[in-house]
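run-v8.txt (compact mmCIF, N, CA, C and O atoms) appears below.
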# COMPACT_ATOMS: atom_id res chain seq x y z
N MET A 299 -17.24 -55.89 85.92
CA MET A 299 -17.77 -55.17 87.03
C MET A 299 -17.21 -53.74 86.99
O MET A 299 -16.01 -53.54 87.05
N LYS A 300 -18.08 -52.78 86.86
CA LYS A 300 -17.66 -51.39 86.79
C LYS A 300 -18.09 -50.68 88.07
O LYS A 300 -19.19 -50.18 88.18
N THR A 301 -17.19 -50.65 89.02
CA THR A 301 -17.45 -49.98 90.28
C THR A 301 -16.50 -48.80 90.42
O THR A 301 -15.48 -48.73 89.74
N THR A 302 -16.84 -47.91 91.30
CA THR A 302 -15.97 -46.76 91.54
C THR A 302 -15.39 -46.87 92.94
O THR A 302 -15.96 -47.51 93.82
N ILE A 303 -14.26 -46.23 93.12
CA ILE A 303 -13.57 -46.21 94.41
C ILE A 303 -13.26 -44.77 94.76
O ILE A 303 -12.89 -43.98 93.89
N HIS A 304 -13.43 -44.44 96.02
CA HIS A 304 -13.10 -43.10 96.52
C HIS A 304 -11.58 -43.05 96.74
O HIS A 304 -11.04 -43.82 97.51
N LEU A 305 -10.90 -42.16 96.04
CA LEU A 305 -9.45 -42.03 96.14
C LEU A 305 -9.03 -40.99 97.16
O LEU A 305 -7.87 -40.92 97.53
N GLY A 306 -9.96 -40.16 97.61
CA GLY A 306 -9.65 -39.12 98.58
C GLY A 306 -9.81 -37.75 97.97
O GLY A 306 -9.74 -37.58 96.75
N ALA A 307 -10.05 -36.76 98.81
CA ALA A 307 -10.16 -35.36 98.41
C ALA A 307 -11.15 -35.15 97.26
O ALA A 307 -10.80 -34.62 96.21
N ARG A 308 -12.36 -35.63 97.46
CA ARG A 308 -13.43 -35.46 96.48
C ARG A 308 -13.10 -36.07 95.12
O ARG A 308 -13.56 -35.59 94.09
N THR A 309 -12.30 -37.11 95.09
CA THR A 309 -11.91 -37.75 93.84
C THR A 309 -12.30 -39.22 93.88
O THR A 309 -12.02 -39.92 94.84
N SER A 310 -12.95 -39.66 92.82
CA SER A 310 -13.30 -41.06 92.66
C SER A 310 -12.88 -41.50 91.28
O SER A 310 -12.71 -40.68 90.38
N ALA A 311 -12.73 -42.82 91.10
CA ALA A 311 -12.37 -43.35 89.79
C ALA A 311 -12.98 -44.73 89.64
O ALA A 311 -13.21 -45.44 90.62
N ALA A 312 -13.22 -45.10 88.41
CA ALA A 312 -13.71 -46.44 88.11
C ALA A 312 -12.56 -47.42 88.30
O ALA A 312 -11.44 -47.17 87.87
N THR A 313 -12.83 -48.54 88.95
CA THR A 313 -11.76 -49.50 89.24
C THR A 313 -11.18 -50.11 87.97
O THR A 313 -10.00 -50.45 87.94
N HIS A 314 -11.97 -50.21 86.91
CA HIS A 314 -11.44 -50.79 85.68
C HIS A 314 -10.49 -49.85 84.95
O HIS A 314 -9.82 -50.26 84.02
N GLU A 315 -10.40 -48.59 85.38
CA GLU A 315 -9.48 -47.63 84.78
C GLU A 315 -8.14 -47.58 85.51
O GLU A 315 -7.18 -47.00 85.02
N ILE A 316 -8.04 -48.18 86.69
CA ILE A 316 -6.82 -48.16 87.49
C ILE A 316 -5.93 -49.34 87.10
O ILE A 316 -6.38 -50.48 87.10
N VAL A 317 -4.67 -49.05 86.76
CA VAL A 317 -3.72 -50.10 86.39
C VAL A 317 -2.94 -50.55 87.62
O VAL A 317 -2.80 -51.73 87.87
N LYS A 318 -2.39 -49.59 88.37
CA LYS A 318 -1.65 -49.94 89.57
C LYS A 318 -1.63 -48.76 90.52
O LYS A 318 -1.90 -47.63 90.15
N LEU A 319 -1.29 -49.07 91.77
CA LEU A 319 -1.14 -48.06 92.81
C LEU A 319 0.24 -48.25 93.42
O LEU A 319 0.66 -49.37 93.68
N GLU A 320 0.93 -47.13 93.65
CA GLU A 320 2.28 -47.16 94.22
C GLU A 320 2.33 -46.27 95.45
O GLU A 320 1.88 -45.12 95.41
N ALA A 321 2.89 -46.80 96.52
CA ALA A 321 3.05 -46.02 97.75
C ALA A 321 4.21 -45.04 97.59
O ALA A 321 5.24 -45.37 97.04
N GLN A 322 3.99 -43.83 98.09
CA GLN A 322 5.04 -42.81 98.15
C GLN A 322 4.87 -42.10 99.48
O GLN A 322 4.09 -41.17 99.59
N ASP A 323 5.62 -42.60 100.47
CA ASP A 323 5.49 -42.14 101.85
C ASP A 323 4.05 -42.32 102.31
O ASP A 323 3.54 -43.42 102.29
N ASN A 324 3.37 -41.26 102.73
CA ASN A 324 1.98 -41.37 103.17
C ASN A 324 1.00 -41.02 102.07
O ASN A 324 -0.16 -40.72 102.34
N TYR A 325 1.45 -41.06 100.85
CA TYR A 325 0.62 -40.78 99.68
C TYR A 325 0.58 -42.01 98.78
O TYR A 325 1.37 -42.93 98.95
N THR A 326 -0.32 -42.00 97.82
CA THR A 326 -0.40 -43.10 96.86
C THR A 326 -0.48 -42.51 95.46
O THR A 326 -1.30 -41.62 95.20
N LEU A 327 0.38 -43.01 94.57
CA LEU A 327 0.36 -42.61 93.18
C LEU A 327 -0.50 -43.61 92.42
O LEU A 327 -0.18 -44.80 92.38
N VAL A 328 -1.60 -43.14 91.85
CA VAL A 328 -2.54 -43.99 91.14
C VAL A 328 -2.26 -43.85 89.65
O VAL A 328 -2.29 -42.74 89.11
N HIS A 329 -2.00 -44.97 88.98
CA HIS A 329 -1.74 -45.00 87.53
C HIS A 329 -3.01 -45.46 86.82
O HIS A 329 -3.58 -46.50 87.16
N PHE A 330 -3.42 -44.69 85.81
CA PHE A 330 -4.63 -45.02 85.06
C PHE A 330 -4.30 -45.61 83.70
O PHE A 330 -3.19 -45.45 83.20
N ILE A 331 -5.27 -46.24 83.09
CA ILE A 331 -5.08 -46.92 81.81
C ILE A 331 -4.70 -45.94 80.69
O ILE A 331 -3.96 -46.31 79.78
N ASP A 332 -5.13 -44.71 80.76
CA ASP A 332 -4.82 -43.74 79.72
C ASP A 332 -3.45 -43.08 79.90
O ASP A 332 -3.07 -42.20 79.14
N GLY A 333 -2.69 -43.53 80.92
CA GLY A 333 -1.35 -43.01 81.14
C GLY A 333 -1.27 -41.88 82.15
O GLY A 333 -0.18 -41.47 82.54
N THR A 334 -2.39 -41.36 82.58
CA THR A 334 -2.37 -40.28 83.57
C THR A 334 -2.10 -40.85 84.96
O THR A 334 -2.29 -42.04 85.21
N LYS A 335 -1.67 -39.98 85.85
CA LYS A 335 -1.37 -40.37 87.22
C LYS A 335 -2.04 -39.37 88.17
O LYS A 335 -2.22 -38.21 87.82
N LEU A 336 -2.36 -39.84 89.35
CA LEU A 336 -2.97 -39.00 90.36
C LEU A 336 -2.30 -39.29 91.69
O LEU A 336 -2.16 -40.46 92.08
N LEU A 337 -1.85 -38.25 92.37
CA LEU A 337 -1.26 -38.41 93.69
C LEU A 337 -2.36 -38.20 94.72
O LEU A 337 -2.94 -37.12 94.83
N SER A 338 -2.67 -39.27 95.45
CA SER A 338 -3.74 -39.24 96.45
C SER A 338 -3.15 -39.15 97.84
O SER A 338 -2.11 -39.75 98.13
N SER A 339 -3.81 -38.43 98.71
CA SER A 339 -3.34 -38.31 100.10
C SER A 339 -3.77 -39.51 100.94
O SER A 339 -3.42 -39.60 102.11
N THR A 340 -4.47 -40.44 100.36
CA THR A 340 -4.90 -41.65 101.04
C THR A 340 -3.78 -42.70 100.96
O THR A 340 -3.17 -42.87 99.91
N THR A 341 -3.51 -43.40 102.04
CA THR A 341 -2.42 -44.38 102.04
C THR A 341 -2.78 -45.61 101.22
O THR A 341 -3.96 -45.90 100.97
N LEU A 342 -1.75 -46.34 100.82
CA LEU A 342 -1.94 -47.53 100.01
C LEU A 342 -2.76 -48.59 100.74
O LEU A 342 -3.60 -49.25 100.14
N GLY A 343 -2.55 -48.74 102.02
CA GLY A 343 -3.30 -49.73 102.80
C GLY A 343 -4.80 -49.48 102.79
O GLY A 343 -5.59 -50.41 102.66
N ILE A 344 -5.19 -48.23 102.92
CA ILE A 344 -6.61 -47.88 102.92
C ILE A 344 -7.21 -48.12 101.54
O ILE A 344 -8.29 -48.69 101.42
N LEU A 345 -6.49 -47.72 100.49
CA LEU A 345 -7.00 -47.95 99.14
C LEU A 345 -7.07 -49.45 98.82
O LEU A 345 -7.99 -49.90 98.15
N GLU A 346 -6.13 -50.21 99.33
CA GLU A 346 -6.16 -51.67 99.13
C GLU A 346 -7.41 -52.26 99.77
O GLU A 346 -8.05 -53.14 99.19
N GLU A 347 -7.77 -51.80 100.95
CA GLU A 347 -8.99 -52.27 101.61
C GLU A 347 -10.22 -51.92 100.78
O GLU A 347 -11.15 -52.72 100.66
N ARG A 348 -10.24 -50.74 100.22
CA ARG A 348 -11.38 -50.32 99.40
C ARG A 348 -11.48 -51.13 98.11
O ARG A 348 -12.56 -51.27 97.55
N LEU A 349 -10.36 -51.66 97.66
CA LEU A 349 -10.33 -52.45 96.42
C LEU A 349 -10.45 -53.95 96.68
O LEU A 349 -10.29 -54.75 95.76
N SER A 350 -10.74 -54.35 97.91
CA SER A 350 -10.74 -55.77 98.25
C SER A 350 -11.78 -56.57 97.47
O SER A 350 -11.59 -57.77 97.26
N ASP A 351 -12.85 -55.95 97.04
CA ASP A 351 -13.87 -56.67 96.28
C ASP A 351 -13.49 -56.84 94.81
O ASP A 351 -14.13 -57.59 94.09
N CYS A 352 -12.49 -56.14 94.36
CA CYS A 352 -12.10 -56.15 92.96
C CYS A 352 -10.89 -57.06 92.75
O CYS A 352 -10.35 -57.61 93.69
N ARG A 353 -10.47 -57.18 91.53
CA ARG A 353 -9.36 -58.08 91.20
C ARG A 353 -8.02 -57.36 91.23
O ARG A 353 -7.37 -57.18 90.20
N PHE A 354 -7.60 -56.95 92.42
CA PHE A 354 -6.31 -56.29 92.63
C PHE A 354 -5.48 -57.16 93.55
O PHE A 354 -6.01 -57.92 94.36
N PHE A 355 -4.14 -57.07 93.41
CA PHE A 355 -3.25 -57.89 94.23
C PHE A 355 -2.07 -57.04 94.67
O PHE A 355 -1.46 -56.35 93.85
N ARG A 356 -1.73 -57.13 95.94
CA ARG A 356 -0.56 -56.40 96.47
C ARG A 356 0.67 -57.27 96.27
O ARG A 356 0.84 -58.28 96.95
N VAL A 357 1.51 -56.91 95.33
CA VAL A 357 2.66 -57.74 94.96
C VAL A 357 3.87 -57.50 95.85
O VAL A 357 4.72 -58.37 95.97
N ASN A 358 3.96 -56.35 96.44
CA ASN A 358 5.04 -56.06 97.38
C ASN A 358 4.57 -54.95 98.31
O ASN A 358 3.42 -54.54 98.26
N ARG A 359 5.44 -54.50 99.13
CA ARG A 359 5.10 -53.52 100.15
C ARG A 359 4.55 -52.21 99.59
O ARG A 359 3.75 -51.53 100.23
N SER A 360 4.99 -51.85 98.41
CA SER A 360 4.64 -50.53 97.89
C SER A 360 3.84 -50.55 96.60
O SER A 360 3.62 -49.50 96.01
N THR A 361 3.35 -51.71 96.15
CA THR A 361 2.65 -51.77 94.87
C THR A 361 1.44 -52.70 94.92
O THR A 361 1.54 -53.82 95.38
N VAL A 362 0.33 -52.20 94.40
CA VAL A 362 -0.88 -53.00 94.18
C VAL A 362 -1.17 -52.93 92.69
O VAL A 362 -1.17 -51.84 92.10
N ILE A 363 -1.39 -54.09 92.06
CA ILE A 363 -1.65 -54.10 90.62
C ILE A 363 -3.06 -54.59 90.33
O ILE A 363 -3.64 -55.34 91.11
N ASN A 364 -3.58 -54.18 89.20
CA ASN A 364 -4.87 -54.65 88.71
C ASN A 364 -4.59 -55.87 87.85
O ASN A 364 -3.95 -55.77 86.80
N LEU A 365 -5.02 -57.04 88.27
CA LEU A 365 -4.74 -58.28 87.55
C LEU A 365 -5.41 -58.33 86.18
O LEU A 365 -5.01 -59.11 85.32
N GLN A 366 -6.39 -57.48 85.97
CA GLN A 366 -7.06 -57.41 84.68
C GLN A 366 -6.09 -56.98 83.58
O GLN A 366 -6.24 -57.38 82.43
N TYR A 367 -5.07 -56.20 83.93
CA TYR A 367 -4.13 -55.69 82.93
C TYR A 367 -2.80 -56.44 82.93
O TYR A 367 -1.87 -56.05 82.25
N LEU A 368 -2.73 -57.54 83.65
CA LEU A 368 -1.52 -58.36 83.66
C LEU A 368 -1.46 -59.15 82.36
O LEU A 368 -2.36 -59.91 82.04
N ARG A 369 -0.40 -58.96 81.60
CA ARG A 369 -0.27 -59.64 80.31
C ARG A 369 0.65 -60.85 80.40
O ARG A 369 0.37 -61.89 79.84
N GLN A 370 1.75 -60.71 81.10
CA GLN A 370 2.68 -61.83 81.28
C GLN A 370 3.51 -61.59 82.52
O GLN A 370 3.63 -60.46 82.98
N PHE A 371 4.06 -62.67 83.04
CA PHE A 371 4.98 -62.53 84.15
C PHE A 371 6.01 -63.64 84.06
O PHE A 371 5.77 -64.70 83.51
N ASN A 372 7.19 -63.36 84.56
CA ASN A 372 8.29 -64.30 84.58
C ASN A 372 8.72 -64.52 86.01
O ASN A 372 8.76 -63.58 86.81
N ILE A 373 9.07 -65.74 86.32
CA ILE A 373 9.54 -66.06 87.66
C ILE A 373 11.04 -66.29 87.59
O ILE A 373 11.52 -67.07 86.78
N HIS A 374 11.78 -65.58 88.43
CA HIS A 374 13.23 -65.70 88.50
C HIS A 374 13.60 -66.28 89.86
O HIS A 374 12.91 -66.01 90.85
N PRO A 375 14.68 -67.03 89.92
CA PRO A 375 15.10 -67.58 91.22
C PRO A 375 15.35 -66.46 92.22
O PRO A 375 15.82 -65.38 91.86
N TYR A 376 15.01 -66.72 93.48
CA TYR A 376 15.20 -65.72 94.53
C TYR A 376 16.67 -65.35 94.64
O TYR A 376 17.54 -66.18 94.57
N GLY A 377 16.90 -64.08 94.81
CA GLY A 377 18.26 -63.60 94.95
C GLY A 377 18.93 -63.27 93.62
O GLY A 377 20.00 -62.71 93.58
N HIS A 378 18.29 -63.60 92.51
CA HIS A 378 18.85 -63.33 91.19
C HIS A 378 17.98 -62.31 90.47
O HIS A 378 17.35 -62.61 89.47
N ARG A 379 17.94 -61.13 90.99
CA ARG A 379 17.12 -60.09 90.36
C ARG A 379 17.83 -59.56 89.14
O ARG A 379 19.01 -59.24 89.17
N GLN A 380 17.09 -59.45 88.09
CA GLN A 380 17.65 -58.90 86.87
C GLN A 380 17.50 -57.39 86.90
O GLN A 380 16.75 -56.85 87.69
N ASN A 381 18.24 -56.71 86.05
CA ASN A 381 18.11 -55.27 85.96
C ASN A 381 16.76 -54.95 85.34
O ASN A 381 16.47 -55.36 84.23
N THR A 382 15.93 -54.23 86.07
CA THR A 382 14.62 -53.87 85.55
C THR A 382 14.72 -52.48 84.97
O THR A 382 14.76 -51.50 85.70
N LYS A 383 14.76 -52.40 83.68
CA LYS A 383 14.88 -51.12 83.00
C LYS A 383 13.53 -50.59 82.54
O LYS A 383 13.36 -49.42 82.32
N SER A 384 12.58 -51.47 82.37
CA SER A 384 11.26 -51.07 81.90
C SER A 384 10.44 -50.55 83.07
O SER A 384 10.54 -51.05 84.19
N THR A 385 9.59 -49.59 82.80
CA THR A 385 8.71 -49.06 83.84
C THR A 385 7.57 -50.04 84.12
O THR A 385 6.85 -49.87 85.09
N HIS A 386 7.41 -51.04 83.29
CA HIS A 386 6.35 -52.01 83.47
C HIS A 386 6.79 -53.21 84.30
O HIS A 386 5.98 -54.06 84.61
N ASP A 387 8.07 -53.31 84.64
CA ASP A 387 8.57 -54.41 85.44
C ASP A 387 8.26 -54.15 86.91
O ASP A 387 8.55 -53.08 87.43
N ILE A 388 7.69 -55.15 87.55
CA ILE A 388 7.33 -55.03 88.96
C ILE A 388 7.92 -56.24 89.67
O ILE A 388 7.74 -57.38 89.23
N ILE A 389 8.60 -56.01 90.75
CA ILE A 389 9.19 -57.09 91.55
C ILE A 389 8.14 -57.60 92.53
O ILE A 389 7.56 -56.84 93.30
N ILE A 390 7.90 -58.91 92.50
CA ILE A 390 6.97 -59.53 93.43
C ILE A 390 7.78 -60.00 94.63
O ILE A 390 8.81 -60.66 94.47
N SER A 391 7.32 -59.65 95.81
CA SER A 391 8.08 -60.03 97.00
C SER A 391 8.09 -61.55 97.15
O SER A 391 7.16 -62.25 96.74
N ARG A 392 9.14 -62.04 97.73
CA ARG A 392 9.33 -63.48 97.89
C ARG A 392 8.18 -64.09 98.70
O ARG A 392 7.71 -65.18 98.40
N ARG A 393 7.71 -63.38 99.70
CA ARG A 393 6.64 -63.91 100.55
C ARG A 393 5.28 -63.91 99.89
O ARG A 393 4.38 -64.63 100.32
N ARG A 394 5.10 -63.13 98.86
CA ARG A 394 3.80 -63.07 98.18
C ARG A 394 3.78 -63.84 96.86
O ARG A 394 2.76 -63.89 96.20
N ALA A 395 4.90 -64.43 96.48
CA ALA A 395 5.01 -65.10 95.18
C ALA A 395 4.05 -66.28 95.06
O ALA A 395 3.37 -66.43 94.04
N ALA A 396 3.95 -67.11 96.07
CA ALA A 396 3.06 -68.27 96.00
C ALA A 396 1.59 -67.85 95.92
O ALA A 396 0.82 -68.40 95.13
N ALA A 397 1.20 -66.87 96.72
CA ALA A 397 -0.17 -66.38 96.68
C ALA A 397 -0.48 -65.73 95.33
O ALA A 397 -1.59 -65.88 94.80
N PHE A 398 0.50 -65.05 94.77
CA PHE A 398 0.32 -64.42 93.46
C PHE A 398 0.09 -65.49 92.39
O PHE A 398 -0.83 -65.36 91.59
N GLN A 399 0.92 -66.52 92.39
CA GLN A 399 0.74 -67.58 91.39
C GLN A 399 -0.62 -68.27 91.54
O GLN A 399 -1.28 -68.56 90.55
N ALA A 400 -1.04 -68.50 92.76
CA ALA A 400 -2.35 -69.11 92.98
C ALA A 400 -3.49 -68.21 92.52
O ALA A 400 -4.46 -68.67 91.94
N CYS A 401 -3.34 -66.93 92.73
CA CYS A 401 -4.36 -65.96 92.32
C CYS A 401 -4.45 -65.84 90.81
O CYS A 401 -5.53 -65.75 90.25
N VAL A 402 -3.30 -65.88 90.15
CA VAL A 402 -3.28 -65.73 88.69
C VAL A 402 -3.83 -66.99 88.01
O VAL A 402 -4.54 -66.90 87.02
N LYS A 403 -3.54 -68.15 88.58
CA LYS A 403 -4.01 -69.41 87.98
C LYS A 403 -5.50 -69.62 88.20
O LYS A 403 -6.13 -70.36 87.48
N ALA A 404 -6.06 -68.95 89.21
CA ALA A 404 -7.49 -69.13 89.52
C ALA A 404 -8.39 -68.45 88.52
O ALA A 404 -8.09 -67.64 87.77

As structure tokens, how would this structure be written, given the file I've shared?
Amino acid sequence: MKTTIHLGARTSAATHEIVKLEAQDNYTLVHFIDGTKLLSSTTLGILEERLSDCRFFRVNRSTVINLQYLRQFNIHPYGHRQNTKSTHDIIISRRRAAAFQACVKA
């Protein structure tokens, strides 16, 4: 499905090109598949609503990922967070872990 989403300020992007969205105060940093980034003045919550028809998942308070680009994930016991040195490591909130596993298995 190749749909576009309005990111704000006369900017739109194809949803299949978006890898993840990160909240930064009242702005959202949009990461694209080609490595470029765009700082949008639209909040993460509004963009998440616009992406509700697509295969995106909010893994924690400040991050929404495109499940299309998820390659692998590891589950660690709660409270035992490892040092995340890679920029590709994303912490899934404890409250969203079960919903995430159900979404990925579906």

Would you please extract all alpha helix (DSSP H) residues from chain A, as assigned by DSSP on the backbone, and give them as a VMD selection string? chain A and resid 342 to 348 395 to 403

Using only C-alpha atoms, which residues sit within 6 Å of Phe354 (chain A) once same-chain residues fewer than 4 positions away are excluded, as a list in words?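 Once the adjacent positions are removed, what remains is Ile363, Asn364 and Leu365 of chain A.
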
Pick from A:Ser360, A:Gln399, A:Thr309, A:Thr301 nearest to Tyr325 (chain A), counting all atoms listed in the file: A:Ser360

Could you check which of A:Thr313, A:Arg392, A:Thr334, A:Tyr367 is closest to Ser350 (chain A), using only C-alpha atoms?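 Distance minimum relative to Ser350 (chain A) lands on A:Thr313.
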
At what distance in Å, to one decimal, does atom N of Lys403 (chain A) lie from atom N of Val317 (chain A)?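 Taking atom N of Val317 (chain A) as the start and atom N of Lys403 (chain A) as the end point, the length is 19.2 Å.
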
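Among the candidates A:Ala397, A:Leu305, A:Ile390, A:Val402, the residue lying nearest to Thr340 (chain A) is A:Leu305 (atoms considered: all atoms listed in the file).
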
By how many Å are CA of Leu342 (chain A) and atom C of Leu319 (chain A) apart?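 Here the two named atoms are 7.0 Å from each other.
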
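In this model, the gap between atom O of Thr302 (chain A) and atom N of Glu346 (chain A) comes to 11.6 Å.
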
Choose the residue, out of A:Asp387, A:Asp323, A:Glu315, A:Asp351, that has the smallest atom-to-atom separation from Lys335 (chain A); count only C-alpha atoms. A:Glu315

Around (3.6, -45.9, 97.7) in the file's own coordinates, what residues are found within 12 Å if you use only C-alpha atoms, given back as a VMD selection string? chain A and resid 318 to 329 337 to 346 356 358 to 362

A:Glu347, A:Val357, A:Leu336, A:Ile303: which is nearest Ile389 (chain A), counting only C-alpha atoms? A:Val357

Reconstruct region 356-365 of chain A at the level of all heavy atoms, and format the result as a short mmCIF file (atom, residue, chain, number, x, y, z; two decimals), keeping the file's coordinate frame.
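The resulting file, part.cif, is reproduced below:
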data_model
loop_
_atom_site.label_atom_id
_atom_site.label_comp_id
_atom_site.auth_asym_id
_atom_site.auth_seq_id
_atom_site.Cartn_x
_atom_site.Cartn_y
_atom_site.Cartn_z
N ARG A 356 -1.73 -57.13 95.94
CA ARG A 356 -0.56 -56.40 96.47
C ARG A 356 0.67 -57.27 96.27
O ARG A 356 0.84 -58.28 96.95
CB ARG A 356 -0.76 -56.07 97.94
CG ARG A 356 0.31 -55.12 98.46
CD ARG A 356 -0.12 -54.53 99.75
NE ARG A 356 0.78 -53.47 100.16
CZ ARG A 356 0.49 -52.58 101.07
NH1 ARG A 356 -0.67 -52.61 101.68
NH2 ARG A 356 1.35 -51.65 101.39
N VAL A 357 1.51 -56.91 95.33
CA VAL A 357 2.66 -57.74 94.96
C VAL A 357 3.87 -57.50 95.85
O VAL A 357 4.72 -58.37 95.97
CB VAL A 357 3.06 -57.54 93.48
CG1 VAL A 357 1.98 -58.07 92.56
CG2 VAL A 357 3.36 -56.10 93.18
N ASN A 358 3.96 -56.35 96.44
CA ASN A 358 5.04 -56.06 97.38
C ASN A 358 4.57 -54.95 98.31
O ASN A 358 3.42 -54.54 98.26
CB ASN A 358 6.36 -55.71 96.66
CG ASN A 358 6.24 -54.51 95.75
OD1 ASN A 358 5.62 -53.51 96.11
ND2 ASN A 358 6.82 -54.60 94.57
N ARG A 359 5.44 -54.50 99.13
CA ARG A 359 5.10 -53.52 100.15
C ARG A 359 4.55 -52.21 99.59
O ARG A 359 3.75 -51.53 100.23
CB ARG A 359 6.39 -53.23 100.90
CG ARG A 359 6.24 -52.80 102.24
CD ARG A 359 7.58 -52.79 102.87
NE ARG A 359 7.29 -53.11 104.23
CZ ARG A 359 8.07 -52.90 105.23
NH1 ARG A 359 9.26 -52.43 105.04
NH2 ARG A 359 7.70 -53.19 106.42
N SER A 360 4.99 -51.85 98.41
CA SER A 360 4.64 -50.53 97.89
C SER A 360 3.84 -50.55 96.60
O SER A 360 3.62 -49.50 96.01
CB SER A 360 5.92 -49.73 97.65
OG SER A 360 6.71 -50.36 96.67
N THR A 361 3.35 -51.71 96.15
CA THR A 361 2.65 -51.77 94.87
C THR A 361 1.44 -52.70 94.92
O THR A 361 1.54 -53.82 95.38
CB THR A 361 3.60 -52.26 93.75
OG1 THR A 361 4.79 -51.48 93.76
CG2 THR A 361 2.96 -52.14 92.39
N VAL A 362 0.33 -52.20 94.40
CA VAL A 362 -0.88 -53.00 94.18
C VAL A 362 -1.17 -52.93 92.69
O VAL A 362 -1.17 -51.84 92.10
CB VAL A 362 -2.08 -52.45 94.98
CG1 VAL A 362 -3.36 -53.19 94.64
CG2 VAL A 362 -1.81 -52.52 96.47
N ILE A 363 -1.39 -54.09 92.06
CA ILE A 363 -1.65 -54.10 90.62
C ILE A 363 -3.06 -54.59 90.33
O ILE A 363 -3.64 -55.34 91.11
CB ILE A 363 -0.63 -54.97 89.84
CG1 ILE A 363 -0.71 -56.43 90.27
CG2 ILE A 363 0.77 -54.42 89.99
CD1 ILE A 363 0.07 -57.37 89.38
N ASN A 364 -3.58 -54.18 89.20
CA ASN A 364 -4.87 -54.65 88.71
C ASN A 364 -4.59 -55.87 87.85
O ASN A 364 -3.95 -55.77 86.80
CB ASN A 364 -5.55 -53.56 87.90
CG ASN A 364 -6.96 -53.91 87.49
OD1 ASN A 364 -7.35 -55.07 87.48
ND2 ASN A 364 -7.73 -52.89 87.14
N LEU A 365 -5.02 -57.04 88.27
CA LEU A 365 -4.74 -58.28 87.55
C LEU A 365 -5.41 -58.33 86.18
O LEU A 365 -5.01 -59.11 85.32
CB LEU A 365 -5.16 -59.48 88.39
CG LEU A 365 -4.39 -59.66 89.69
CD1 LEU A 365 -4.97 -60.81 90.49
CD2 LEU A 365 -2.92 -59.89 89.41
#
